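File shown here: input33.cif, holding mmCIF, C-alpha atoms.
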```cif
data_protein
#
loop_
_atom_site.group_PDB
_atom_site.id
_atom_site.type_symbol
_atom_site.label_atom_id
_atom_site.label_comp_id
_atom_site.auth_asym_id
_atom_site.auth_seq_id
_atom_site.Cartn_x
_atom_site.Cartn_y
_atom_site.Cartn_z
ATOM 1 C CA MET A 1 68.521 39.010 60.814
ATOM 2 C CA GLU A 2 70.411 41.193 58.325
ATOM 3 C CA ASN A 3 73.758 39.661 59.348
ATOM 4 C CA THR A 4 72.289 36.181 58.908
ATOM 5 C CA LYS A 5 71.046 37.029 55.412
ATOM 6 C CA THR A 6 74.413 38.510 54.423
ATOM 7 C CA LEU A 7 76.310 35.472 55.714
ATOM 8 C CA SER A 8 73.846 33.102 54.008
ATOM 9 C CA SER A 9 74.287 35.039 50.766
ATOM 10 C CA LYS A 10 78.076 34.750 50.979
ATOM 11 C CA VAL A 11 77.852 31.010 51.610
ATOM 12 C CA GLY A 12 75.326 30.733 48.771
ATOM 13 C CA LEU A 13 77.578 32.726 46.428
ATOM 14 C CA TYR A 14 80.567 30.446 47.001
ATOM 15 C CA ALA A 15 78.371 27.332 46.860
ATOM 16 C CA SER A 16 76.763 28.393 43.565
ATOM 17 C CA ILE A 17 80.159 29.132 41.998
ATOM 18 C CA ALA A 18 81.550 25.802 43.228
ATOM 19 C CA LEU A 19 78.430 23.968 42.038
ATOM 20 C CA THR A 20 78.664 25.494 38.569
ATOM 21 C CA ILE A 21 82.361 24.699 38.153
ATOM 22 C CA LEU A 22 82.047 21.171 39.548
ATOM 23 C CA THR A 23 79.022 20.425 37.354
ATOM 24 C CA ILE A 24 80.885 21.547 34.226
ATOM 25 C CA LEU A 25 83.906 19.398 35.151
ATOM 26 C CA THR A 26 81.763 16.393 36.080
ATOM 27 C CA PHE A 27 79.771 16.716 32.856
ATOM 28 C CA GLY A 28 82.982 16.889 30.819
ATOM 29 C CA PHE A 29 84.484 13.758 32.397
ATOM 30 C CA ALA A 30 81.153 11.905 32.124
ATOM 31 C CA MET A 31 80.987 12.701 28.395
ATOM 32 C CA MET A 32 84.393 11.039 27.940
ATOM 33 C CA ALA A 33 83.158 7.852 29.618
ATOM 34 C CA ILE A 34 81.353 6.447 26.569
ATOM 35 C CA PRO A 35 79.424 3.366 27.756
ATOM 36 C CA PRO A 36 80.950 0.133 26.388
ATOM 37 C CA SER A 37 77.541 -1.520 26.643
ATOM 38 C CA GLY A 38 73.891 -0.743 25.964
ATOM 39 C CA PRO A 39 72.249 1.343 23.202
ATOM 40 C CA ASN A 40 75.021 3.985 22.968
ATOM 41 C CA CYS A 41 77.900 1.536 22.744
ATOM 42 C CA PRO A 42 80.065 2.421 19.677
ATOM 43 C CA GLY A 43 81.467 -1.105 19.235
ATOM 44 C CA ASN A 44 83.169 -4.040 21.008
ATOM 45 C CA CYS A 45 80.339 -3.912 23.524
ATOM 46 C CA MET A 46 80.364 -5.756 26.834
ATOM 47 C CA GLU A 47 77.616 -8.218 27.485
ATOM 48 C CA TYR A 48 76.258 -9.791 30.679
ATOM 49 C CA PRO A 49 77.937 -10.630 33.089
ATOM 50 C CA PHE A 50 80.286 -7.703 32.228
ATOM 51 C CA ASN A 51 83.504 -9.547 33.064
ATOM 52 C CA ASP A 52 85.643 -7.084 31.072
ATOM 53 C CA LEU A 53 84.706 -3.984 33.081
ATOM 54 C CA LEU A 54 88.235 -3.608 34.490
ATOM 55 C CA ASN A 55 89.383 -2.729 30.961
ATOM 56 C CA TYR A 56 87.557 0.578 31.503
ATOM 57 C CA TYR A 57 88.881 1.266 34.996
ATOM 58 C CA PRO A 58 89.650 3.965 36.092
ATOM 59 C CA ARG A 59 88.576 5.969 33.004
ATOM 60 C CA ASP A 60 84.840 5.410 33.462
ATOM 61 C CA TYR A 61 84.968 6.183 37.203
ATOM 62 C CA HIS A 62 86.754 9.563 37.266
ATOM 63 C CA TRP A 63 83.526 11.553 36.882
ATOM 64 C CA MET A 64 81.982 9.896 39.932
ATOM 65 C CA TYR A 65 84.700 11.289 42.209
ATOM 66 C CA LEU A 66 83.869 14.773 40.946
ATOM 67 C CA ALA A 67 80.143 14.066 41.295
ATOM 68 C CA ILE A 68 80.639 13.393 45.020
ATOM 69 C CA PHE A 69 81.926 16.940 45.565
ATOM 70 C CA GLN A 70 79.302 18.332 43.196
ATOM 71 C CA LEU A 71 76.573 16.815 45.380
ATOM 72 C CA PHE A 72 78.110 18.322 48.526
ATOM 73 C CA ALA A 73 78.040 21.733 46.816
ATOM 74 C CA PHE A 74 74.444 21.150 45.672
ATOM 75 C CA LEU A 75 73.210 20.491 49.202
ATOM 76 C CA ILE A 76 74.953 23.584 50.612
ATOM 77 C CA PHE A 77 73.550 25.570 47.671
ATOM 78 C CA VAL A 78 69.953 24.515 48.424
ATOM 79 C CA ILE A 79 70.296 25.204 52.159
ATOM 80 C CA SER A 80 71.699 28.685 51.494
ATOM 81 C CA ILE A 81 68.645 29.506 49.349
ATOM 82 C CA HIS A 82 66.394 28.455 52.228
ATOM 83 C CA TYR A 83 68.088 30.967 54.533
ATOM 84 C CA ILE A 84 67.536 33.930 52.200
ATOM 85 C CA ALA A 85 63.958 32.959 51.309
ATOM 86 C CA PRO A 86 61.147 35.224 52.548
ATOM 87 C CA ILE A 87 59.501 33.801 55.690
ATOM 88 C CA GLU A 88 56.237 33.076 53.886
ATOM 89 C CA LYS A 89 58.084 31.097 51.173
ATOM 90 C CA ARG A 90 60.263 28.971 53.440
ATOM 91 C CA ILE A 91 57.809 26.073 53.366
ATOM 92 C CA PHE A 92 58.780 25.643 49.699
ATOM 93 C CA SER A 93 62.523 25.974 50.254
ATOM 94 C CA PHE A 94 62.336 23.542 53.189
ATOM 95 C CA ILE A 95 60.616 20.976 50.960
ATOM 96 C CA GLY A 96 63.402 21.649 48.467
ATOM 97 C CA ILE A 97 65.967 20.779 51.149
ATOM 98 C CA ALA A 98 64.097 17.547 51.976
ATOM 99 C CA PHE A 99 64.209 16.364 48.350
ATOM 100 C CA ALA A 100 67.833 17.529 48.028
ATOM 101 C CA LEU A 101 68.701 15.319 51.026
ATOM 102 C CA ILE A 102 66.955 12.341 49.399
ATOM 103 C CA SER A 103 68.740 12.990 46.107
ATOM 104 C CA THR A 104 72.210 13.433 47.579
ATOM 105 C CA THR A 105 71.859 10.415 49.889
ATOM 106 C CA VAL A 106 70.798 8.152 47.028
ATOM 107 C CA LEU A 107 73.434 9.416 44.570
ATOM 108 C CA LEU A 108 76.314 9.578 47.070
ATOM 109 C CA SER A 109 75.627 5.974 48.077
ATOM 110 C CA ASP A 110 75.310 4.922 44.433
ATOM 111 C CA TYR A 111 78.570 6.528 43.324
ATOM 112 C CA PHE A 112 80.646 5.609 46.359
ATOM 113 C CA ILE A 113 79.627 1.955 46.148
ATOM 114 C CA GLN A 114 80.376 1.952 42.431
ATOM 115 C CA PHE A 115 84.011 3.038 42.672
ATOM 116 C CA ALA A 116 84.771 1.625 46.143
ATOM 117 C CA VAL A 117 83.260 -1.848 45.684
ATOM 118 C CA ILE A 118 83.036 -2.918 42.022
ATOM 119 C CA PRO A 119 86.675 -2.586 40.809
ATOM 120 C CA ILE A 120 88.348 -4.158 43.860
ATOM 121 C CA SER A 121 85.791 -6.992 43.922
ATOM 122 C CA MET A 122 86.547 -7.790 40.283
ATOM 123 C CA MET A 123 90.316 -7.612 40.923
ATOM 124 C CA LYS A 124 89.935 -10.180 43.705
ATOM 125 C CA GLY A 125 87.691 -12.432 41.622
ATOM 126 C CA GLU A 126 84.671 -11.777 43.843
ATOM 127 C CA THR A 127 82.198 -11.505 40.969
ATOM 128 C CA GLU A 128 78.965 -12.740 42.551
ATOM 129 C CA GLY A 129 76.285 -10.053 42.264
ATOM 130 C CA ILE A 130 78.558 -7.618 40.371
ATOM 131 C CA ALA A 131 76.447 -7.788 37.217
ATOM 132 C CA LEU A 132 73.444 -6.369 39.067
ATOM 133 C CA LEU A 133 75.480 -3.552 40.668
ATOM 134 C CA THR A 134 77.711 -2.355 37.844
ATOM 135 C CA GLN A 135 77.058 0.871 35.916
ATOM 136 C CA TYR A 136 77.301 -1.098 32.650
ATOM 137 C CA ASN A 137 74.068 -2.990 33.349
ATOM 138 C CA GLY A 138 71.355 -0.876 31.728
ATOM 139 C CA HIS A 139 68.656 -2.318 33.995
ATOM 140 C CA GLY A 140 70.802 -2.722 37.101
ATOM 141 C CA ILE A 141 70.739 -1.113 40.520
ATOM 142 C CA PHE A 142 73.187 1.671 39.629
ATOM 143 C CA ILE A 143 70.984 3.023 36.811
ATOM 144 C CA ALA A 144 67.790 2.689 38.858
ATOM 145 C CA LEU A 145 69.279 4.677 41.765
ATOM 146 C CA GLU A 146 70.547 7.358 39.391
ATOM 147 C CA GLU A 147 67.061 7.715 37.928
ATOM 148 C CA LEU A 148 65.620 8.098 41.418
ATOM 149 C CA GLY A 149 68.383 10.490 42.479
ATOM 150 C CA TYR A 150 68.025 12.839 39.529
ATOM 151 C CA ILE A 151 64.226 12.816 39.569
ATOM 152 C CA THR A 152 64.279 13.866 43.244
ATOM 153 C CA MET A 153 66.949 16.469 42.426
ATOM 154 C CA SER A 154 64.620 18.000 39.837
ATOM 155 C CA ILE A 155 61.802 18.017 42.421
ATOM 156 C CA SER A 156 64.122 19.852 44.832
ATOM 157 C CA LEU A 157 64.802 22.500 42.192
ATOM 158 C CA PHE A 158 61.080 22.720 41.428
ATOM 159 C CA PHE A 159 60.256 23.656 45.038
ATOM 160 C CA LEU A 160 62.958 26.324 45.084
ATOM 161 C CA ALA A 161 61.263 28.173 42.210
ATOM 162 C CA PRO A 162 58.554 29.932 44.346
ATOM 163 C CA VAL A 163 61.292 31.512 46.504
ATOM 164 C CA PHE A 164 62.059 33.873 43.643
ATOM 165 C CA SER A 165 58.822 35.818 43.413
ATOM 166 C CA SER A 166 60.001 39.246 42.285
ATOM 167 C CA SER A 167 59.012 40.498 38.843
ATOM 168 C CA ASN A 168 62.548 41.542 37.824
ATOM 169 C CA ARG A 169 64.175 39.752 34.907
ATOM 170 C CA LEU A 170 66.719 37.809 36.979
ATOM 171 C CA GLU A 171 64.168 36.240 39.325
ATOM 172 C CA LYS A 172 61.768 35.488 36.467
ATOM 173 C CA SER A 173 64.593 33.640 34.696
ATOM 174 C CA LEU A 174 65.460 31.783 37.882
ATOM 175 C CA ARG A 175 61.863 30.662 38.401
ATOM 176 C CA TRP A 176 61.739 29.134 34.930
ATOM 177 C CA MET A 177 65.198 27.577 35.214
ATOM 178 C CA LEU A 178 64.226 25.913 38.498
ATOM 179 C CA PHE A 179 60.750 24.913 37.330
ATOM 180 C CA LEU A 180 61.641 23.282 33.987
ATOM 181 C CA PRO A 181 63.968 20.384 34.980
ATOM 182 C CA PHE A 182 61.172 18.515 36.769
ATOM 183 C CA ILE A 183 58.753 18.985 33.852
ATOM 184 C CA LEU A 184 61.371 17.853 31.316
ATOM 185 C CA ASN A 185 62.255 14.844 33.468
ATOM 186 C CA ILE A 186 58.610 13.783 33.564
ATOM 187 C CA VAL A 187 58.256 14.250 29.798
ATOM 188 C CA ALA A 188 61.458 12.272 29.151
ATOM 189 C CA PHE A 189 60.360 9.471 31.483
ATOM 190 C CA VAL A 190 56.945 9.200 29.799
ATOM 191 C CA VAL A 191 58.425 9.288 26.281
ATOM 192 C CA TYR A 192 61.064 6.619 26.970
ATOM 193 C CA SER A 193 58.531 4.469 28.832
ATOM 194 C CA ILE A 194 56.142 4.625 25.872
ATOM 195 C CA LEU A 195 58.905 3.835 23.371
ATOM 196 C CA PHE A 196 60.747 1.139 25.334
ATOM 197 C CA GLY A 197 58.476 0.105 28.211
ATOM 198 C CA ILE A 198 60.390 -1.074 31.278
ATOM 199 C CA ASP A 199 63.409 -1.847 29.066
ATOM 200 C CA ARG A 200 64.508 1.807 28.984
ATOM 201 C CA ASN A 201 68.108 0.734 29.572
ATOM 202 C CA TYR A 202 70.106 3.853 30.510
ATOM 203 C CA ARG A 203 68.354 6.111 27.975
ATOM 204 C CA PHE A 204 66.253 7.991 30.529
ATOM 205 C CA GLU A 205 69.127 8.086 33.019
ATOM 206 C CA VAL A 206 71.354 9.877 30.479
ATOM 207 C CA ALA A 207 68.529 12.279 29.591
ATOM 208 C CA SER A 208 67.785 13.023 33.247
ATOM 209 C CA ILE A 209 71.431 13.672 34.129
ATOM 210 C CA SER A 210 71.840 15.949 31.099
ATOM 211 C CA ILE A 211 68.696 17.931 31.899
ATOM 212 C CA ASN A 212 69.603 18.417 35.552
ATOM 213 C CA TRP A 213 73.240 19.292 34.975
ATOM 214 C CA LEU A 214 72.595 21.749 32.130
ATOM 215 C CA PHE A 215 69.995 23.609 34.180
ATOM 216 C CA ILE A 216 72.162 23.518 37.312
ATOM 217 C CA ILE A 217 74.990 25.192 35.394
ATOM 218 C CA ALA A 218 72.622 27.949 34.229
ATOM 219 C CA VAL A 219 70.965 28.295 37.651
ATOM 220 C CA GLY A 220 74.330 28.361 39.407
ATOM 221 C CA ILE A 221 75.442 31.326 37.292
ATOM 222 C CA LEU A 222 72.169 33.235 37.770
ATOM 223 C CA ILE A 223 71.937 32.606 41.506
ATOM 224 C CA SER A 224 75.555 33.651 42.024
ATOM 225 C CA ILE A 225 74.538 37.006 40.485
ATOM 226 C CA PHE A 226 71.475 37.080 42.762
ATOM 227 C CA PHE A 227 73.566 36.446 45.899
ATOM 228 C CA LYS A 228 76.138 39.020 44.835
ATOM 229 C CA ARG A 229 73.404 41.654 44.522
ATOM 230 C CA ILE A 230 72.177 40.883 48.049
ATOM 231 C CA ILE A 231 75.706 41.220 49.439
ATOM 232 C CA LYS A 232 76.248 44.560 47.688
ATOM 233 C CA THR A 233 72.908 45.861 48.944
ATOM 234 C CA LYS A 234 73.746 44.972 52.547
#
```
Rewrite the structure of this file - the entire thing - as structure tokens.
Amino acid sequence: MENTKTLSSKVGLYASIALTILTILTFGFAMMAIPPSGPNCPGNCMEYPFNDLLNYYPRDYHWMYLAIFQLFAFLIFVISIHYIAPIEKRIFSFIGIAFALISTTVLLSDYFIQFAVIPISMMKGETEGIALLTQYNGHGIFIALEELGYITMSISLFFLAPVFSSSNRLEKSLRWMLFLPFILNIVAFVVYSILFGIDRNYRFEVASISINWLFIIAVGILISIFFKRIIKTK
């Protein structure tokens, strides 16, 4: 049992470090991909049916490649927490894994289809249905799946919070850092729905990504410290 916990902590340590670094890199590349359409477009905006999207390839797709590896690290990270959770709290961490699997499946499919299908289809003149799939359509499939993926990611983090039940400062901070993304996602969704109805465009999607990634960076740092303490103790 002790050997299992030590090994899980080592895997968790490396996963949390990788997750933090990959999230920072992904966030940085995503910030450079300023949308050439929708409410945040700075000028010369694309309109339906988004026939000029190849002008922004591959610049606007780089961050998705990084996001693929970030999601792999996220899933390993969540599983490693499950294996160090106290027996009586593993129901919560197992639910966290379930939502992490939903999130990663949705987002991996969304991103892989986006960079593996859209550009080559446009290059070959196969444009039927592209407008509904492309990331530049603020009410398209890509944005909807991202919303679903990041909401379920925040739920996964939410269910990891009870694992850290100690009263020390580190675990208290972790509980709040894991608890808040879901609450902020709900607040953001309600606010944007009130302001814009079903025509949210990608406003909530951007807010949800930003909330999740910022908290994941902070949580990744704190949990790497947590895992390191376990390893030193053993």
Region 53-68 of chain A surroundings by only C-alpha atoms, 9 Å radius, close-in-sequence under 3 positions cut, as a PDB file with C-alpha atoms, in the frame of the given file:
```
ATOM      1  CA  LEU A  22      82.047  21.171  39.548  1.00  0.00           C
ATOM      2  CA  THR A  23      79.022  20.425  37.354  1.00  0.00           C
ATOM      3  CA  LEU A  25      83.906  19.398  35.151  1.00  0.00           C
ATOM      4  CA  THR A  26      81.763  16.393  36.080  1.00  0.00           C
ATOM      5  CA  PHE A  27      79.771  16.716  32.856  1.00  0.00           C
ATOM      6  CA  GLY A  28      82.982  16.889  30.819  1.00  0.00           C
ATOM      7  CA  PHE A  29      84.484  13.758  32.397  1.00  0.00           C
ATOM      8  CA  ALA A  30      81.153  11.905  32.124  1.00  0.00           C
ATOM      9  CA  MET A  31      80.987  12.701  28.395  1.00  0.00           C
ATOM     10  CA  MET A  32      84.393  11.039  27.940  1.00  0.00           C
ATOM     11  CA  ALA A  33      83.158   7.852  29.618  1.00  0.00           C
ATOM     12  CA  ILE A  34      81.353   6.447  26.569  1.00  0.00           C
ATOM     13  CA  PRO A  35      79.424   3.366  27.756  1.00  0.00           C
ATOM     14  CA  PRO A  36      80.950   0.133  26.388  1.00  0.00           C
ATOM     15  CA  MET A  46      80.364  -5.756  26.834  1.00  0.00           C
ATOM     16  CA  PHE A  50      80.286  -7.703  32.228  1.00  0.00           C
ATOM     17  CA  LEU A  71      76.573  16.815  45.380  1.00  0.00           C
ATOM     18  CA  PHE A  72      78.110  18.322  48.526  1.00  0.00           C
ATOM     19  CA  ALA A  73      78.040  21.733  46.816  1.00  0.00           C
ATOM     20  CA  THR A 104      72.210  13.433  47.579  1.00  0.00           C
ATOM     21  CA  LEU A 107      73.434   9.416  44.570  1.00  0.00           C
ATOM     22  CA  LEU A 108      76.314   9.578  47.070  1.00  0.00           C
ATOM     23  CA  TYR A 111      78.570   6.528  43.324  1.00  0.00           C
ATOM     24  CA  PHE A 112      80.646   5.609  46.359  1.00  0.00           C
ATOM     25  CA  GLN A 114      80.376   1.952  42.431  1.00  0.00           C
ATOM     26  CA  PHE A 115      84.011   3.038  42.672  1.00  0.00           C
ATOM     27  CA  PRO A 119      86.675  -2.586  40.809  1.00  0.00           C
ATOM     28  CA  MET A 122      86.547  -7.790  40.283  1.00  0.00           C
ATOM     29  CA  MET A 123      90.316  -7.612  40.923  1.00  0.00           C
ATOM     30  CA  THR A 134      77.711  -2.355  37.844  1.00  0.00           C
ATOM     31  CA  TYR A 136      77.301  -1.098  32.650  1.00  0.00           C
TER      32      TYR A 136
END
```
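Here the PyMOL selection byres ((chain A and resi 156-165) around 6) matches the residues A:Ala85, A:Lys89, A:Phe92, A:Ser93, A:Gly96, A:Phe99, A:Ala100, A:Met153, A:Ser154, A:Ile155, A:Ser166, A:Glu171, A:Arg175, A:Leu178, A:Phe179.
Rounded to one decimal, CA of Ile225 (chain A) and CA of Met177 (chain A) lie 14.3 Å from each other.
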All residues 7 Å or closer to Phe77 (chain A), all atoms listed in the file, same chain fewer than 3 positions away omitted, as a compact mmCIF listing (two decimals) with C-alpha atoms, keeping the file's coordinate frame:
```txt
# COMPACT_ATOMS: atom_id res chain seq x y z
CA GLY A 12 75.33 30.73 48.77
CA ALA A 15 78.37 27.33 46.86
CA SER A 16 76.76 28.39 43.56
CA ALA A 73 78.04 21.73 46.82
CA PHE A 74 74.44 21.15 45.67
CA SER A 80 71.70 28.68 51.49
CA ILE A 81 68.64 29.51 49.35
```
A:Ile24, A:Ile84, A:Leu184, A:Leu170 ranked by distance to Ile217 (chain A), top pick (using all atoms listed in the file): A:Ile24
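For the set A:Lys228, A:Pro42, A:Tyr83, A:Gln70, the residue with the smallest atom-to-atom gap to Ser8 (chain A) is A:Tyr83, counting only C-alpha atoms.
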Test item: the PyMOL selection byres ((chain A and resi 196-206) around 8) resolved as a PyMOL selection string: chain A and resi 38-39+137-139+143+146-147+188-189+192-195+207-210
Residues near Ile141 (chain A), cut-off 9 Å, only C-alpha atoms, skip fewer than 6 positions along chain, as a VMD selection string: chain A and resid 110 132 to 135
Option closest in space to Ser109 (chain A), from A:Leu13, A:Ile221, A:Leu145, A:Ile87 [counting only C-alpha atoms]: A:Leu145
For CA of Arg229 (chain A) and CA of Phe69 (chain A), the interatomic separation in Å (one decimal): 26.2 Å
Point-to-point distance in Å for CA of Leu214 (chain A) and CA of Lys5 (chain A): 27.9 Å
Residue nearest Val187 (chain A) among A:Phe215, A:Pro86, A:Asn168, A:Ile151 (counting all atoms listed in the file): A:Ile151
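Shortest separation to Gly129 (chain A) among A:Tyr150, A:Trp176, A:Tyr48, A:Phe227 occurs at residue A:Tyr48, atoms counted being only C-alpha atoms.
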Complete the atoms of region 145-175 of chain A to N, CA and C atoms and put them out as a tab-separated table (two decimals), in the frame of the given file.
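Dumped everything to selection_16.tsv:
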```
chain	number	residue	atom	x	y	z
A	145	LEU	N	69.05	3.69	40.72
A	145	LEU	CA	69.28	4.68	41.76
A	145	LEU	C	69.60	6.05	41.17
A	146	GLU	N	70.30	6.07	40.05
A	146	GLU	CA	70.55	7.36	39.39
A	146	GLU	C	69.24	7.99	38.92
A	147	GLU	N	68.36	7.19	38.34
A	147	GLU	CA	67.06	7.72	37.93
A	147	GLU	C	66.33	8.32	39.11
A	148	LEU	N	66.29	7.59	40.21
A	148	LEU	CA	65.62	8.10	41.42
A	148	LEU	C	66.31	9.37	41.92
A	149	GLY	N	67.63	9.35	41.97
A	149	GLY	CA	68.38	10.49	42.48
A	149	GLY	C	68.18	11.76	41.68
A	150	TYR	N	68.16	11.64	40.35
A	150	TYR	CA	68.03	12.84	39.53
A	150	TYR	C	66.58	13.30	39.39
A	151	ILE	N	65.63	12.39	39.51
A	151	ILE	CA	64.23	12.82	39.57
A	151	ILE	C	63.99	13.63	40.85
A	152	THR	N	64.47	13.13	41.98
A	152	THR	CA	64.28	13.87	43.24
A	152	THR	C	65.08	15.17	43.25
A	153	MET	N	66.20	15.21	42.56
A	153	MET	CA	66.95	16.47	42.43
A	153	MET	C	66.12	17.50	41.67
A	154	SER	N	65.45	17.07	40.60
A	154	SER	CA	64.62	18.00	39.84
A	154	SER	C	63.41	18.48	40.65
A	155	ILE	N	62.90	17.61	41.53
A	155	ILE	CA	61.80	18.02	42.42
A	155	ILE	C	62.30	19.07	43.42
A	156	SER	N	63.52	18.87	43.92
A	156	SER	CA	64.12	19.85	44.83
A	156	SER	C	64.22	21.22	44.17
A	157	LEU	N	64.70	21.24	42.93
A	157	LEU	CA	64.80	22.50	42.19
A	157	LEU	C	63.42	23.12	41.97
A	158	PHE	N	62.45	22.27	41.67
A	158	PHE	CA	61.08	22.72	41.43
A	158	PHE	C	60.53	23.50	42.62
A	159	PHE	N	60.79	23.00	43.84
A	159	PHE	CA	60.26	23.66	45.04
A	159	PHE	C	61.05	24.90	45.44
A	160	LEU	N	62.22	25.08	44.85
A	160	LEU	CA	62.96	26.32	45.08
A	160	LEU	C	62.42	27.48	44.23
A	161	ALA	N	61.74	27.15	43.15
A	161	ALA	CA	61.26	28.17	42.21
A	161	ALA	C	60.39	29.25	42.87
A	162	PRO	N	59.41	28.89	43.75
A	162	PRO	CA	58.55	29.93	44.35
A	162	PRO	C	59.29	30.92	45.24
A	163	VAL	N	60.52	30.59	45.66
A	163	VAL	CA	61.29	31.51	46.50
A	163	VAL	C	61.56	32.81	45.77
A	164	PHE	N	61.71	32.71	44.45
A	164	PHE	CA	62.06	33.87	43.64
A	164	PHE	C	60.78	34.44	43.03
A	165	SER	N	60.16	35.35	43.78
A	165	SER	CA	58.82	35.82	43.41
A	165	SER	C	58.81	37.23	42.84
A	166	SER	N	59.96	37.88	42.80
A	166	SER	CA	60.00	39.25	42.28
A	166	SER	C	59.74	39.25	40.79
A	167	SER	N	59.33	40.40	40.26
A	167	SER	CA	59.01	40.50	38.84
A	167	SER	C	60.21	40.95	38.01
A	168	ASN	N	61.39	41.12	38.63
A	168	ASN	CA	62.55	41.54	37.82
A	168	ASN	C	63.02	40.38	36.94
A	169	ARG	N	63.80	40.73	35.93
A	169	ARG	CA	64.18	39.75	34.91
A	169	ARG	C	64.97	38.58	35.49
A	170	LEU	N	65.88	38.86	36.42
A	170	LEU	CA	66.72	37.81	36.98
A	170	LEU	C	65.88	36.76	37.71
A	171	GLU	N	64.97	37.20	38.56
A	171	GLU	CA	64.17	36.24	39.33
A	171	GLU	C	63.16	35.51	38.45
A	172	LYS	N	62.65	36.18	37.42
A	172	LYS	CA	61.77	35.49	36.47
A	172	LYS	C	62.53	34.36	35.78
A	173	SER	N	63.76	34.66	35.36
A	173	SER	CA	64.59	33.64	34.70
A	173	SER	C	64.88	32.49	35.64
A	174	LEU	N	65.18	32.82	36.89
A	174	LEU	CA	65.46	31.78	37.88
A	174	LEU	C	64.26	30.88	38.11
A	175	ARG	N	63.08	31.47	38.19
A	175	ARG	CA	61.86	30.66	38.40
A	175	ARG	C	61.72	29.63	37.29
```
